[in-house]
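Next up, target_34.pdb (PDB, C-alpha atoms):
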```pdb
ATOM      1  CA  MET W   1       0.000   0.000   0.000  1.00  0.00           C
ATOM      2  CA  ALA W   2       1.375   3.428  -0.916  1.00  0.00           C
ATOM      3  CA  ASP W   3       2.181   5.914   1.844  1.00  0.00           C
ATOM      4  CA  ASP W   4      -0.023   9.042   1.708  1.00  0.00           C
ATOM      5  CA  LYS W   5       2.550  11.352   3.323  1.00  0.00           C
ATOM      6  CA  PRO W   6       4.617  12.073   0.183  1.00  0.00           C
ATOM      7  CA  THR W   7       1.509  13.211  -1.705  1.00  0.00           C
ATOM      8  CA  LEU W   8       0.522  15.583   1.127  1.00  0.00           C
ATOM      9  CA  GLU W   9       3.984  17.114   1.604  1.00  0.00           C
ATOM     10  CA  PRO W  10       3.675  19.812  -1.116  1.00  0.00           C
ATOM     11  CA  LEU W  11       0.226  20.759   0.205  1.00  0.00           C
ATOM     12  CA  LEU W  12       1.480  20.964   3.793  1.00  0.00           C
ATOM     13  CA  GLU W  13       4.518  23.023   2.731  1.00  0.00           C
ATOM     14  CA  TRP W  14       2.187  25.447   0.914  1.00  0.00           C
ATOM     15  CA  PHE W  15      -0.140  25.588   3.948  1.00  0.00           C
ATOM     16  CA  GLU W  16       2.816  26.303   6.279  1.00  0.00           C
ATOM     17  CA  ALA W  17       3.974  29.111   3.973  1.00  0.00           C
ATOM     18  CA  LEU W  18       0.446  30.551   4.037  1.00  0.00           C
ATOM     19  CA  ILE W  19       0.394  30.388   7.849  1.00  0.00           C
ATOM     20  CA  GLU W  20       3.815  32.060   8.052  1.00  0.00           C
ATOM     21  CA  GLY W  21       2.709  34.802   5.652  1.00  0.00           C
ATOM     22  CA  THR W  22       5.367  34.178   3.002  1.00  0.00           C
ATOM     23  CA  ILE W  23       2.595  33.635   0.425  1.00  0.00           C
ATOM     24  CA  GLY W  24      -1.053  34.641   0.180  1.00  0.00           C
ATOM     25  CA  GLN W  25      -2.983  37.767   1.082  1.00  0.00           C
ATOM     26  CA  GLU W  26      -2.910  39.805   4.291  1.00  0.00           C
ATOM     27  CA  LEU W  27      -6.410  38.619   5.290  1.00  0.00           C
ATOM     28  CA  GLU W  28      -5.307  34.962   5.111  1.00  0.00           C
ATOM     29  CA  THR W  29      -2.084  35.671   6.983  1.00  0.00           C
ATOM     30  CA  ARG W  30      -3.898  37.499   9.768  1.00  0.00           C
ATOM     31  CA  ALA W  31      -6.588  34.834  10.079  1.00  0.00           C
ATOM     32  CA  LEU W  32      -4.043  31.999  10.204  1.00  0.00           C
ATOM     33  CA  GLN W  33      -1.467  33.667  12.448  1.00  0.00           C
ATOM     34  CA  GLY W  34      -0.370  31.054  14.998  1.00  0.00           C
ATOM     35  CA  LEU W  35      -2.247  28.100  13.475  1.00  0.00           C
ATOM     36  CA  ILE W  36      -0.521  24.740  14.073  1.00  0.00           C
ATOM     37  CA  ILE W  37      -1.207  21.649  11.953  1.00  0.00           C
ATOM     38  CA  THR W  38      -1.433  18.639  14.282  1.00  0.00           C
ATOM     39  CA  LYS W  39      -2.730  15.965  11.888  1.00  0.00           C
ATOM     40  CA  ALA W  40      -3.053  15.759   8.126  1.00  0.00           C
ATOM     41  CA  GLU W  41      -4.232  12.889   5.991  1.00  0.00           C
ATOM     42  CA  LYS W  42      -6.243  12.598   2.823  1.00  0.00           C
ATOM     43  CA  GLY W  43      -9.643  14.103   3.558  1.00  0.00           C
ATOM     44  CA  PHE W  44      -8.880  15.244   7.108  1.00  0.00           C
ATOM     45  CA  ILE W  45      -6.993  18.163   8.661  1.00  0.00           C
ATOM     46  CA  ARG W  46      -6.676  18.882  12.402  1.00  0.00           C
ATOM     47  CA  THR W  47      -5.209  22.153  13.636  1.00  0.00           C
ATOM     48  CA  GLU W  48      -4.778  24.008  16.912  1.00  0.00           C
ATOM     49  CA  PHE W  49      -5.072  27.742  17.257  1.00  0.00           C
ATOM     50  CA  THR W  50      -4.624  30.336  19.972  1.00  0.00           C
ATOM     51  CA  ILE W  51      -6.994  33.221  19.261  1.00  0.00           C
ATOM     52  CA  PRO W  52      -4.948  36.410  18.709  1.00  0.00           C
ATOM     53  CA  SER W  53      -6.067  39.824  19.935  1.00  0.00           C
ATOM     54  CA  LEU W  54      -6.224  41.128  16.353  1.00  0.00           C
ATOM     55  CA  ALA W  55      -9.116  38.696  15.726  1.00  0.00           C
ATOM     56  CA  ALA W  56     -11.273  40.076  18.552  1.00  0.00           C
ATOM     57  CA  ASP W  57     -14.528  41.975  18.386  1.00  0.00           C
ATOM     58  CA  VAL W  58     -15.265  44.953  20.673  1.00  0.00           C
ATOM     59  CA  ASP W  59     -16.197  42.602  23.551  1.00  0.00           C
ATOM     60  CA  GLY W  60     -12.940  40.635  23.374  1.00  0.00           C
ATOM     61  CA  ASN W  61     -14.556  37.619  21.705  1.00  0.00           C
ATOM     62  CA  TRP W  62     -13.222  35.885  18.617  1.00  0.00           C
ATOM     63  CA  HIS W  63     -14.816  37.772  15.707  1.00  0.00           C
ATOM     64  CA  GLY W  64     -17.301  35.755  13.623  1.00  0.00           C
ATOM     65  CA  GLY W  65     -15.674  36.902  10.382  1.00  0.00           C
ATOM     66  CA  ALA W  66     -12.261  35.726  11.574  1.00  0.00           C
ATOM     67  CA  ILE W  67     -13.757  32.347  12.496  1.00  0.00           C
ATOM     68  CA  ALA W  68     -15.395  32.058   9.055  1.00  0.00           C
ATOM     69  CA  THR W  69     -12.161  32.937   7.244  1.00  0.00           C
ATOM     70  CA  LEU W  70     -10.207  30.342   9.195  1.00  0.00           C
ATOM     71  CA  MET W  71     -12.871  27.676   8.645  1.00  0.00           C
ATOM     72  CA  ASP W  72     -12.987  28.415   4.916  1.00  0.00           C
ATOM     73  CA  ILE W  73      -9.224  28.014   4.521  1.00  0.00           C
ATOM     74  CA  VAL W  74      -8.894  24.860   6.651  1.00  0.00           C
ATOM     75  CA  GLY W  75     -11.876  23.308   4.828  1.00  0.00           C
ATOM     76  CA  ALA W  76     -10.339  24.121   1.456  1.00  0.00           C
ATOM     77  CA  ILE W  77      -7.078  22.464   2.525  1.00  0.00           C
ATOM     78  CA  ALA W  78      -8.946  19.263   3.472  1.00  0.00           C
ATOM     79  CA  ILE W  79     -10.636  19.245   0.069  1.00  0.00           C
ATOM     80  CA  TYR W  80      -7.349  19.916  -1.721  1.00  0.00           C
ATOM     81  CA  SER W  81      -5.840  16.903   0.100  1.00  0.00           C
ATOM     82  CA  VAL W  82      -8.375  14.687  -1.693  1.00  0.00           C
ATOM     83  CA  LEU W  83      -8.587  16.360  -5.105  1.00  0.00           C
ATOM     84  CA  ASP W  84      -4.994  17.585  -5.431  1.00  0.00           C
ATOM     85  CA  HIS W  85      -6.647  20.369  -7.412  1.00  0.00           C
ATOM     86  CA  PRO W  86      -7.870  23.877  -6.500  1.00  0.00           C
ATOM     87  CA  ALA W  87     -11.598  24.327  -5.947  1.00  0.00           C
ATOM     88  CA  LYS W  88     -14.030  27.214  -5.446  1.00  0.00           C
ATOM     89  CA  SER W  89     -16.612  27.621  -2.700  1.00  0.00           C
ATOM     90  CA  VAL W  90     -20.140  27.393  -4.056  1.00  0.00           C
ATOM     91  CA  ASP W  91     -21.986  27.039  -0.742  1.00  0.00           C
ATOM     92  CA  PHE W  92     -20.765  27.835   2.783  1.00  0.00           C
ATOM     93  CA  SER W  93     -22.983  27.577   5.842  1.00  0.00           C
ATOM     94  CA  ILE W  94     -21.835  28.298   9.413  1.00  0.00           C
ATOM     95  CA  SER W  95     -23.647  27.879  12.715  1.00  0.00           C
ATOM     96  CA  TYR W  96     -22.164  29.590  15.773  1.00  0.00           C
ATOM     97  CA  TYR W  97     -22.840  27.842  19.092  1.00  0.00           C
ATOM     98  CA  SER W  98     -20.730  29.798  21.575  1.00  0.00           C
ATOM     99  CA  THR W  99     -18.072  32.471  21.832  1.00  0.00           C
ATOM    100  CA  ALA W 100     -14.376  32.224  22.591  1.00  0.00           C
ATOM    101  CA  LYS W 101     -12.162  34.884  24.145  1.00  0.00           C
ATOM    102  CA  ILE W 102      -8.794  35.981  22.841  1.00  0.00           C
ATOM    103  CA  GLU W 103      -5.758  33.977  23.978  1.00  0.00           C
ATOM    104  CA  LYS W 104      -7.912  30.840  24.383  1.00  0.00           C
ATOM    105  CA  GLU W 105      -6.950  27.659  22.529  1.00  0.00           C
ATOM    106  CA  VAL W 106      -9.241  25.958  20.025  1.00  0.00           C
ATOM    107  CA  GLU W 107      -9.058  22.943  17.762  1.00  0.00           C
ATOM    108  CA  ILE W 108     -10.258  23.086  14.155  1.00  0.00           C
ATOM    109  CA  ASN W 109     -11.082  19.826  12.345  1.00  0.00           C
ATOM    110  CA  ALA W 110     -12.015  19.613   8.677  1.00  0.00           C
ATOM    111  CA  LYS W 111     -13.293  16.340   7.228  1.00  0.00           C
ATOM    112  CA  VAL W 112     -14.363  15.637   3.673  1.00  0.00           C
ATOM    113  CA  LEU W 113     -17.881  14.183   3.763  1.00  0.00           C
ATOM    114  CA  GLY W 114     -18.645  13.445   0.146  1.00  0.00           C
ATOM    115  CA  ASN W 115     -17.487  13.711  -3.406  1.00  0.00           C
ATOM    116  CA  LYS W 116     -20.054  14.085  -6.200  1.00  0.00           C
ATOM    117  CA  GLY W 117     -17.706  14.332  -9.178  1.00  0.00           C
ATOM    118  CA  LYS W 118     -17.031  18.026  -9.650  1.00  0.00           C
ATOM    119  CA  LEU W 119     -18.576  18.899  -6.267  1.00  0.00           C
ATOM    120  CA  ILE W 120     -17.113  17.950  -2.911  1.00  0.00           C
ATOM    121  CA  GLN W 121     -18.362  18.652   0.630  1.00  0.00           C
ATOM    122  CA  VAL W 122     -16.397  19.257   3.800  1.00  0.00           C
ATOM    123  CA  MET W 123     -17.486  19.745   7.418  1.00  0.00           C
ATOM    124  CA  ILE W 124     -15.424  22.027   9.662  1.00  0.00           C
ATOM    125  CA  GLU W 125     -15.722  22.052  13.457  1.00  0.00           C
ATOM    126  CA  VAL W 126     -14.206  24.553  15.859  1.00  0.00           C
ATOM    127  CA  ARG W 127     -14.058  23.310  19.450  1.00  0.00           C
ATOM    128  CA  ARG W 128     -12.534  24.576  22.681  1.00  0.00           C
ATOM    129  CA  LYS W 129      -9.321  22.736  23.371  1.00  0.00           C
ATOM    130  CA  GLY W 130      -9.588  20.888  26.629  1.00  0.00           C
ATOM    131  CA  ASN W 131     -13.324  20.455  27.150  1.00  0.00           C
ATOM    132  CA  GLY W 132     -14.349  20.047  23.484  1.00  0.00           C
ATOM    133  CA  ASP W 133     -17.254  22.545  23.624  1.00  0.00           C
ATOM    134  CA  LEU W 134     -18.506  23.309  20.119  1.00  0.00           C
ATOM    135  CA  ILE W 135     -17.920  26.933  19.065  1.00  0.00           C
ATOM    136  CA  ALA W 136     -18.841  26.758  15.375  1.00  0.00           C
ATOM    137  CA  LEU W 137     -19.807  24.180  12.761  1.00  0.00           C
ATOM    138  CA  ALA W 138     -19.659  24.739   9.009  1.00  0.00           C
ATOM    139  CA  LYS W 139     -20.523  22.747   5.914  1.00  0.00           C
ATOM    140  CA  GLN W 140     -19.012  23.784   2.648  1.00  0.00           C
ATOM    141  CA  TRP W 141     -19.480  22.633  -0.921  1.00  0.00           C
ATOM    142  CA  MET W 142     -16.646  23.335  -3.308  1.00  0.00           C
ATOM    143  CA  ALA W 143     -16.424  22.855  -7.078  1.00  0.00           C
ATOM    144  CA  LEU W 144     -13.438  22.106  -9.251  1.00  0.00           C
ATOM    145  CA  ASN W 145     -12.164  25.246 -10.954  1.00  0.00           C
ATOM    146  CA  ASP W 146     -13.208  23.983 -14.387  1.00  0.00           C
ATOM    147  CA  PHE W 147     -16.822  23.840 -13.157  1.00  0.00           C
ATOM    148  CA  THR W 148     -18.847  26.744 -14.528  1.00  0.00           C
ATOM    149  CA  VAL W 149     -22.100  28.151 -13.266  1.00  0.00           C
ATOM    150  CA  PRO W 150     -24.677  28.900 -15.968  1.00  0.00           C
ATOM    151  CA  THR W 151     -25.146  32.583 -16.688  1.00  0.00           C
ATOM    152  CA  VAL W 152     -28.276  34.219 -15.423  1.00  0.00           C
ATOM    153  CA  SER W 153     -30.504  35.854 -17.997  1.00  0.00           C
ATOM    154  CA  LYS W 154     -30.697  39.667 -17.932  1.00  0.00           C
ATOM    155  CA  LEU W 155     -34.398  39.580 -18.809  1.00  0.00           C
TER     156      LEU W 155
END
```
Serialized structure, structure tokens:
Amino acid sequence: MADDKPTLEPLLEWFEALIEGTIGQELETRALQGLIITKAEKGFIRTEFTIPSLAADVDGNWHGGAIATLMDIVGAIAIYSVLDHPAKSVDFSISYYSTAKIEKEVEINAKVLGNKGKLIQVMIEVRRKGNGDLIALAKQWMALNDFTVPTVSKL
């Protein structure tokens, strides 16, 4: 049986560079600042994250937009680990269950749920590290980049 690690190495190197800010956009770099990859296999990514102060809302809670950005990126990485091909988000749904304060540690898991040819679905969970309380849950459908959406009529 072939070892999956060699096929994930380029993806993990790219992900590390994104986390470190040597590639990508400022929004990605800020959202991923301090993210640590703890497990990676085809179809599954586990990370740990300490919420930075720059991701806080006015009440000192982890900002919902920062959570969504992080979930989107980690979910896309899990999908890329299966497809070995870039994909685009076509549907992204998040439910927020609780808040988290800055400097608290969380765990983010992304697991590919299904593959329907050009469409693939991933579920992303954000949980408090330690007690496992659910903070946010997202489901995301992504499409291969060669997938096109029909144009809407201007009538």
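Take the candidates W:Ala68, W:Leu32, W:Ala87, W:Ile45 and check each one against W:Lys111 using all atoms listed in the file; the shortest distance goes to W:Ile45.
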Enumerate, in order of chain and increasing residue number, the residues of stretch 104-152 of chain W with an atom no farther than 12 Å from stretch 56-62 of chain W, each with its shortest atom pair and distance in Å to one decimal, counting all atoms listed in the file, as a Markdown table.
```
| residue | atom | partner | partner_atom | distance |
| --- | --- | --- | --- | --- |
| W:Lys104 | CA | W:Trp62 | CA | 9.3 |
| W:Glu105 | CA | W:Trp62 | CA | 11.1 |
| W:Val106 | CA | W:Trp62 | CA | 10.8 |
| W:Val126 | CA | W:Trp62 | CA | 11.7 |
| W:Ile135 | CA | W:Trp62 | CA | 10.1 |
| W:Ala136 | CA | W:Trp62 | CA | 11.2 |
```
For W:Lys139, work out the shell of residues within 7 Å, counting all atoms listed in the file and skipping chain neighbours fewer than 5 positions away, then give it as a list in words. Phe92, Ser93, Ile94, Val122, Met123 and Ile124 of chain W
Long-range neighbours of W:Ala143 as a short mmCIF file (atom, residue, chain, number, x, y, z; two decimals) with C-alpha atoms, in the coordinates of the input, 6 Å cut-off, all atoms listed in the file, 6 positions minimum in chain:
```
data_model
loop_
_atom_site.label_atom_id
_atom_site.label_comp_id
_atom_site.auth_asym_id
_atom_site.auth_seq_id
_atom_site.Cartn_x
_atom_site.Cartn_y
_atom_site.Cartn_z
CA ALA W 87 -11.60 24.33 -5.95
CA LYS W 88 -14.03 27.21 -5.45
CA LYS W 118 -17.03 18.03 -9.65
CA LEU W 119 -18.58 18.90 -6.27
#
```
Could you tell me, as a tab-separated table (two decimals) with C-alpha atoms, in the coordinates of the input, exactly which residues end up selected when the PyMOL selection byres ((chain W and resi 18) around 12) is applied to this structure?
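Generated file (out11.tsv):
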```tsv
chain	number	residue	atom	x	y	z
W	11	LEU	CA	0.23	20.76	0.20
W	12	LEU	CA	1.48	20.96	3.79
W	13	GLU	CA	4.52	23.02	2.73
W	14	TRP	CA	2.19	25.45	0.91
W	15	PHE	CA	-0.14	25.59	3.95
W	16	GLU	CA	2.82	26.30	6.28
W	17	ALA	CA	3.97	29.11	3.97
W	19	ILE	CA	0.39	30.39	7.85
W	20	GLU	CA	3.82	32.06	8.05
W	21	GLY	CA	2.71	34.80	5.65
W	22	THR	CA	5.37	34.18	3.00
W	23	ILE	CA	2.60	33.64	0.42
W	24	GLY	CA	-1.05	34.64	0.18
W	25	GLN	CA	-2.98	37.77	1.08
W	26	GLU	CA	-2.91	39.80	4.29
W	27	LEU	CA	-6.41	38.62	5.29
W	28	GLU	CA	-5.31	34.96	5.11
W	29	THR	CA	-2.08	35.67	6.98
W	30	ARG	CA	-3.90	37.50	9.77
W	31	ALA	CA	-6.59	34.83	10.08
W	32	LEU	CA	-4.04	32.00	10.20
W	33	GLN	CA	-1.47	33.67	12.45
W	34	GLY	CA	-0.37	31.05	15.00
W	35	LEU	CA	-2.25	28.10	13.48
W	36	ILE	CA	-0.52	24.74	14.07
W	70	LEU	CA	-10.21	30.34	9.20
W	73	ILE	CA	-9.22	28.01	4.52
W	74	VAL	CA	-8.89	24.86	6.65
W	77	ILE	CA	-7.08	22.46	2.52
```
Go through W:Val112, W:Ile37, W:Leu8, W:Leu144 and flag the residue nearest W:Ala78, using all atoms listed in the file for the distances. W:Val112
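Rounded to one decimal, atom CA of W:Phe44 and atom CA of W:Tyr80 lie 10.1 Å from each other.
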Go ahead and fit an axis-aligned box to every listed atom of stretch 129-135 of chain W plus 3 Å each side, and pass me the centre and edge lengths in Å, one decimal, as JSON.
```
{"center_x": -13.9, "center_y": 23.5, "center_z": 23.1, "size_x": 15.2, "size_y": 12.9, "size_z": 14.1}
```
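With only C-alpha atoms as the basis for measurement, W:Gly64 is the residue among W:Asn145, W:Asn131, W:Thr50, W:Gly64 that approaches W:Tyr97 most closely.
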